[in-house]
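Below: the structure, in structure tokens.
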Amino acid sequence: MSRIERKILVAFLDWLLDRAFLTRVRPSAVKDDLRKLRQAIAHVKKIRGYYADKAVSLLEKEETGLLAESQFRTYESAFMGRRSRKELGNIEETERLFVAVLIIRRLDPKANPYMVLKDQLANRGDHRTPHALRMRLERFEKKRESSKYSSPRQIVEHHYLLFKWHVMWSSPFGHHLATTLEKLKTATSGERRTGPLKPWPRRDFQKMQRLSRFTSRNRKLLDDLCGEQGKTQHSTASN
């Protein structure tokens with residue numbers, strides 16, 4: 001592994017475990033809505049007649065929709081939200097831990113990745129046991145393999161792309177874009193059509209595309225991270 005690759009992986013790991021991206025379940029009113037709806041259904045069923053039966057039919061269709069919705073949870077941080085099936089739990093956090101273990105194994109193949117992960121989290125004020133981390137990720141692997149869930153390569157690519165965007169927006173160029181976009185919010189229509197505030201100057205747009213796409217170096221980095229399992233699952237993005 002080159003020095004540059006190691007530096008990228010260390011920064012990627014630090015971003016994955018950043019507590020600013022820690023997600024928590026968003027409160028949902030679905031359970032209360034289901035309870036109220038079932039009470040309404042029970043009440044209307046006591047009423048005889050064509051229109052009552054029609055109303056019950058419509059309410060039961062609504063109940064079916066709420067039951068389907070109750071199988072999902074939404075997890076949010078200050079920067080993002082993620083919706084997933086209830087049995088997968090906090091999928092955003094689990095995937096981040098999953099990719100973190102892959103990085104730790106790549107950085108130090110001889111180390112116990114769960115011990116290293118435990119120490120990394122403890123340094124950020126998040127105290128968990130190596131056993132709890134290992135069991136959580138093993139459960140995730142079993143669920144992932146038994147369902148049509150994303151492959152390890154797809155999971156890694158998803159988070160690495162978000163990492164690249166984070167790096168870009170945190171750079172001087174990203175601050176320049178943010179400042180320009182902020183000015184565009186208050187600019188007049190004439191200022192937007194001409195002059196330095198015209199939306200997305202071509203050179204800025206091209207640079208943004210260049211910084212956010214996968215390069216051959218990125219693909220090799222992810223190949224090595226995922227091992228043989230990921231080498232046949234390249235991103236379709238062009239160099």
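For the structure tokens, the naming scheme is as follows: chains receive sequential letters (A, B, ...) according to their order of presentation, residues are indexed from 1 within each chain, and ligands are indexed from 1 in presentation order.
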
For region 160-171 of chain A, list every protein, DNA or RNA residue within 12 Å, evaluated using only C-alpha atoms, and leave out those in the same chain fewer than 5 positions away; present the list as JSON, numbers by chain. {"A": [8, 9, 10, 11, 12, 13, 14, 15, 16, 17, 18, 21, 79, 80, 95, 96, 99, 100, 103, 153, 154, 155, 176, 177, 178, 179, 207, 208, 209, 210, 211, 212, 213, 214, 215, 218, 219, 221, 222, 225, 235, 237]}

Save out the residues we just selected, C-alpha atoms, as a CSV table (one decimal), in the first residue's frame.
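Output contents, as saved in result-v9.csv:
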```
chain,number,residue,atom,x,y,z
A,8,ILE,CA,-6.8,8.4,2.0
A,9,LEU,CA,-8.0,5.3,3.9
A,10,VAL,CA,-7.2,7.0,7.3
A,11,ALA,CA,-9.2,10.0,6.3
A,12,PHE,CA,-12.0,7.8,5.0
A,13,LEU,CA,-12.1,6.0,8.3
A,14,ASP,CA,-12.1,9.2,10.3
A,15,TRP,CA,-15.1,10.5,8.2
A,16,LEU,CA,-17.0,7.2,8.6
A,17,LEU,CA,-16.7,7.4,12.4
A,18,ASP,CA,-17.3,11.1,12.8
A,21,PHE,CA,-22.9,11.8,11.0
A,79,PHE,CA,-26.7,16.1,7.7
A,80,MET,CA,-28.6,13.2,6.3
A,95,GLU,CA,-22.9,0.2,7.0
A,96,ARG,CA,-20.4,2.8,8.3
A,99,VAL,CA,-16.8,-0.3,5.9
A,100,ALA,CA,-14.7,0.8,8.9
A,103,ILE,CA,-10.5,-0.3,6.2
A,153,ARG,CA,-18.6,-3.3,-3.2
A,154,GLN,CA,-21.8,-1.3,-3.6
A,155,ILE,CA,-21.9,-0.4,0.1
A,176,HIS,CA,-16.2,29.0,-3.2
A,177,LEU,CA,-19.1,27.1,-4.6
A,178,ALA,CA,-21.1,27.6,-1.3
A,179,THR,CA,-20.4,31.3,-1.4
A,207,LYS,CA,-14.2,20.8,-11.8
A,208,MET,CA,-17.1,19.6,-9.5
A,209,GLN,CA,-17.7,16.7,-11.9
A,210,ARG,CA,-14.0,15.8,-12.0
A,211,LEU,CA,-13.6,15.9,-8.3
A,212,SER,CA,-16.8,13.8,-7.6
A,213,ARG,CA,-16.3,11.0,-10.1
A,214,PHE,CA,-14.6,7.7,-9.6
A,215,THR,CA,-11.1,7.5,-11.0
A,218,ASN,CA,-10.3,5.1,-6.6
A,219,ARG,CA,-11.4,1.8,-8.2
A,221,LEU,CA,-8.4,1.4,-3.8
A,222,LEU,CA,-11.9,0.0,-3.5
A,225,LEU,CA,-10.5,-2.8,0.2
A,235,SER,CA,-19.0,1.3,-10.7
A,237,ALA,CA,-19.1,5.8,-13.8
```

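Of the residues under consideration (A:Ser57, A:Asn112, A:Thr129, A:Thr94), A:Thr94 shows the shortest atom-to-atom contact distance to Glu141 (chain A) when counting only C-alpha atoms.
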
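In this comparison, which uses only C-alpha atoms, the residue of A:Glu182, A:Asp53, A:Asp223, A:Glu60 approaching Arg38 (chain A) most closely is A:Glu60.
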
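Separating CA of Ile4 (chain A) from CA of Tyr114 (chain A) is a distance of 24.6 Å.
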
Enter the distance from CA of Asp108 (chain A) to CA of Val156 (chain A), in Å, rounded to one decimal. 18.2 Å

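Taking only C-alpha atoms, the non-local environment of region 65-72 of chain A within 8 Å (same-chain residues fewer than 2 positions away omitted) comprises Val30, Lys31, Asp33, Leu34, Lys61, Glu62, Glu63, Thr74, Arg83, Ser84, Arg85 and Lys86 of chain A.
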
Include C-alpha atoms and write out the residues we just selected as a PDB file, in the first residue's frame.
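As a result, part15.pdb now contains:
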```pdb
ATOM      1  CA  VAL A  30     -47.433   5.362  12.337  1.00  0.00           C
ATOM      2  CA  LYS A  31     -48.115   3.278  15.460  1.00  0.00           C
ATOM      3  CA  ASP A  33     -52.149   6.339  13.442  1.00  0.00           C
ATOM      4  CA  LEU A  34     -52.731   2.585  13.170  1.00  0.00           C
ATOM      5  CA  LYS A  61     -56.976  -0.088   2.420  1.00  0.00           C
ATOM      6  CA  GLU A  62     -55.485   2.767   4.419  1.00  0.00           C
ATOM      7  CA  GLU A  63     -54.649   0.292   7.194  1.00  0.00           C
ATOM      8  CA  THR A  74     -36.031   6.475   9.167  1.00  0.00           C
ATOM      9  CA  ARG A  83     -34.831   4.861   5.433  1.00  0.00           C
ATOM     10  CA  SER A  84     -34.558   1.085   5.770  1.00  0.00           C
ATOM     11  CA  ARG A  85     -36.536  -2.000   6.697  1.00  0.00           C
ATOM     12  CA  LYS A  86     -37.071  -2.401  10.435  1.00  0.00           C
TER      13      LYS A  86
END
```

Hey, what does DSSP flag as strand (DSSP E) within region 14-150 of chain A? Can you give it to me as a ChimeraX atom specification? /A:24-25,72-76,81-85

Selected residues written out, C-alpha atoms, as a PDB file, in the first residue's frame:
```
ATOM      1  CA  ARG A  24     -30.766   8.216  15.375  1.00  0.00           C
ATOM      2  CA  VAL A  25     -34.258   6.890  14.689  1.00  0.00           C
ATOM      3  CA  PHE A  72     -39.621   0.767   7.818  1.00  0.00           C
ATOM      4  CA  ARG A  73     -37.673   3.167  10.017  1.00  0.00           C
ATOM      5  CA  THR A  74     -36.031   6.475   9.167  1.00  0.00           C
ATOM      6  CA  TYR A  75     -32.675   7.321  10.761  1.00  0.00           C
ATOM      7  CA  GLU A  76     -31.356  10.871  10.731  1.00  0.00           C
ATOM      8  CA  GLY A  81     -31.471  10.770   6.548  1.00  0.00           C
ATOM      9  CA  ARG A  82     -31.757   7.103   5.657  1.00  0.00           C
ATOM     10  CA  ARG A  83     -34.831   4.861   5.433  1.00  0.00           C
ATOM     11  CA  SER A  84     -34.558   1.085   5.770  1.00  0.00           C
ATOM     12  CA  ARG A  85     -36.536  -2.000   6.697  1.00  0.00           C
TER      13      ARG A  85
END
```

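Counting from CA of Pro113 (chain A), the distance to CA of His131 (chain A) is 11.1 Å.
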
Helix (DSSP H, G or I) per DSSP on the backbone: members of region 62-183 of chain A, as a ChimeraX atom specification: /A:62-69,86-88,91-107,113-122,130-146,152-170,172-183

Dump of C-alpha atoms for the selected residues, as a tab-separated table (two decimals), in the first residue's frame:
```tsv
chain	number	residue	atom	x	y	z
A	62	GLU	CA	-55.49	2.77	4.42
A	63	GLU	CA	-54.65	0.29	7.19
A	64	THR	CA	-52.78	-1.91	4.70
A	65	GLY	CA	-50.69	1.09	3.64
A	66	LEU	CA	-49.86	1.97	7.25
A	67	LEU	CA	-48.91	-1.64	8.01
A	68	ALA	CA	-46.47	-1.57	5.09
A	69	GLU	CA	-45.08	1.75	6.31
A	86	LYS	CA	-37.07	-2.40	10.43
A	87	GLU	CA	-35.20	-5.72	10.65
A	88	LEU	CA	-32.01	-4.08	9.30
A	91	ILE	CA	-28.58	0.79	8.46
A	92	GLU	CA	-26.55	3.98	7.97
A	93	GLU	CA	-24.55	3.41	11.13
A	94	THR	CA	-24.20	-0.34	10.51
A	95	GLU	CA	-22.86	0.20	6.99
A	96	ARG	CA	-20.37	2.77	8.28
A	97	LEU	CA	-19.11	0.29	10.87
A	98	PHE	CA	-18.98	-2.43	8.19
A	99	VAL	CA	-16.81	-0.30	5.89
A	100	ALA	CA	-14.70	0.83	8.87
A	101	VAL	CA	-13.83	-2.81	9.62
A	102	LEU	CA	-12.79	-3.35	5.98
A	103	ILE	CA	-10.49	-0.31	6.20
A	104	ILE	CA	-8.98	-1.42	9.52
A	105	ARG	CA	-8.25	-4.87	8.07
A	106	ARG	CA	-6.60	-3.24	5.07
A	107	LEU	CA	-4.51	-0.87	7.19
A	113	PRO	CA	-10.46	-5.14	13.69
A	114	TYR	CA	-13.14	-5.07	16.40
A	115	MET	CA	-10.64	-4.11	19.09
A	116	VAL	CA	-9.30	-1.33	16.87
A	117	LEU	CA	-12.83	-0.20	16.04
A	118	LYS	CA	-13.74	-0.21	19.74
A	119	ASP	CA	-10.73	2.04	20.48
A	120	GLN	CA	-11.53	4.34	17.56
A	121	LEU	CA	-15.11	4.78	18.78
A	122	ALA	CA	-14.00	5.24	22.41
A	130	PRO	CA	-15.63	-5.57	20.62
A	131	HIS	CA	-18.07	-8.47	21.08
A	132	ALA	CA	-21.11	-6.22	20.57
A	133	LEU	CA	-19.57	-4.72	17.43
A	134	ARG	CA	-18.69	-8.13	16.00
A	135	MET	CA	-22.14	-9.58	16.69
A	136	ARG	CA	-23.87	-6.58	15.13
A	137	LEU	CA	-21.85	-6.83	11.94
A	138	GLU	CA	-22.20	-10.60	11.74
A	139	ARG	CA	-25.99	-10.25	12.01
A	140	PHE	CA	-25.87	-7.62	9.28
A	141	GLU	CA	-23.83	-9.94	7.04
A	142	LYS	CA	-26.34	-12.77	7.49
A	143	LYS	CA	-29.29	-10.50	6.70
A	144	ARG	CA	-27.44	-8.99	3.75
A	145	GLU	CA	-26.59	-12.39	2.27
A	146	SER	CA	-30.12	-13.75	2.76
A	152	PRO	CA	-20.03	-5.15	-0.14
A	153	ARG	CA	-18.62	-3.33	-3.17
A	154	GLN	CA	-21.81	-1.31	-3.63
A	155	ILE	CA	-21.86	-0.38	0.06
A	156	VAL	CA	-18.22	0.75	-0.04
A	157	GLU	CA	-18.74	2.73	-3.25
A	158	HIS	CA	-21.80	4.47	-1.82
A	159	HIS	CA	-19.95	5.69	1.27
A	160	TYR	CA	-16.75	6.50	-0.59
A	161	LEU	CA	-18.70	8.70	-3.01
A	162	LEU	CA	-20.26	10.54	-0.04
A	163	PHE	CA	-16.77	10.89	1.40
A	164	LYS	CA	-15.49	12.40	-1.85
A	165	TRP	CA	-18.34	14.89	-1.82
A	166	HIS	CA	-17.55	15.76	1.80
A	167	VAL	CA	-13.89	16.35	0.91
A	168	MET	CA	-14.87	18.50	-2.06
A	169	TRP	CA	-17.34	20.69	-0.13
A	170	SER	CA	-14.85	21.05	2.75
A	172	PRO	CA	-11.47	25.94	-0.61
A	173	PHE	CA	-13.20	25.13	-3.91
A	174	GLY	CA	-16.24	23.86	-2.00
A	175	HIS	CA	-16.34	27.03	0.08
A	176	HIS	CA	-16.15	29.02	-3.17
A	177	LEU	CA	-19.14	27.10	-4.55
A	178	ALA	CA	-21.10	27.56	-1.33
A	179	THR	CA	-20.42	31.31	-1.37
A	180	THR	CA	-21.47	31.56	-5.01
A	181	LEU	CA	-24.68	29.64	-4.38
A	182	GLU	CA	-25.47	31.82	-1.37
A	183	LYS	CA	-25.05	34.94	-3.52
```

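Comparing the minimum interatomic distances between Glu5 (chain A) and each of A:Arg19, A:Arg217, A:Gly227, A:Asp32, counting only C-alpha atoms, we find that A:Arg217 sits nearest.
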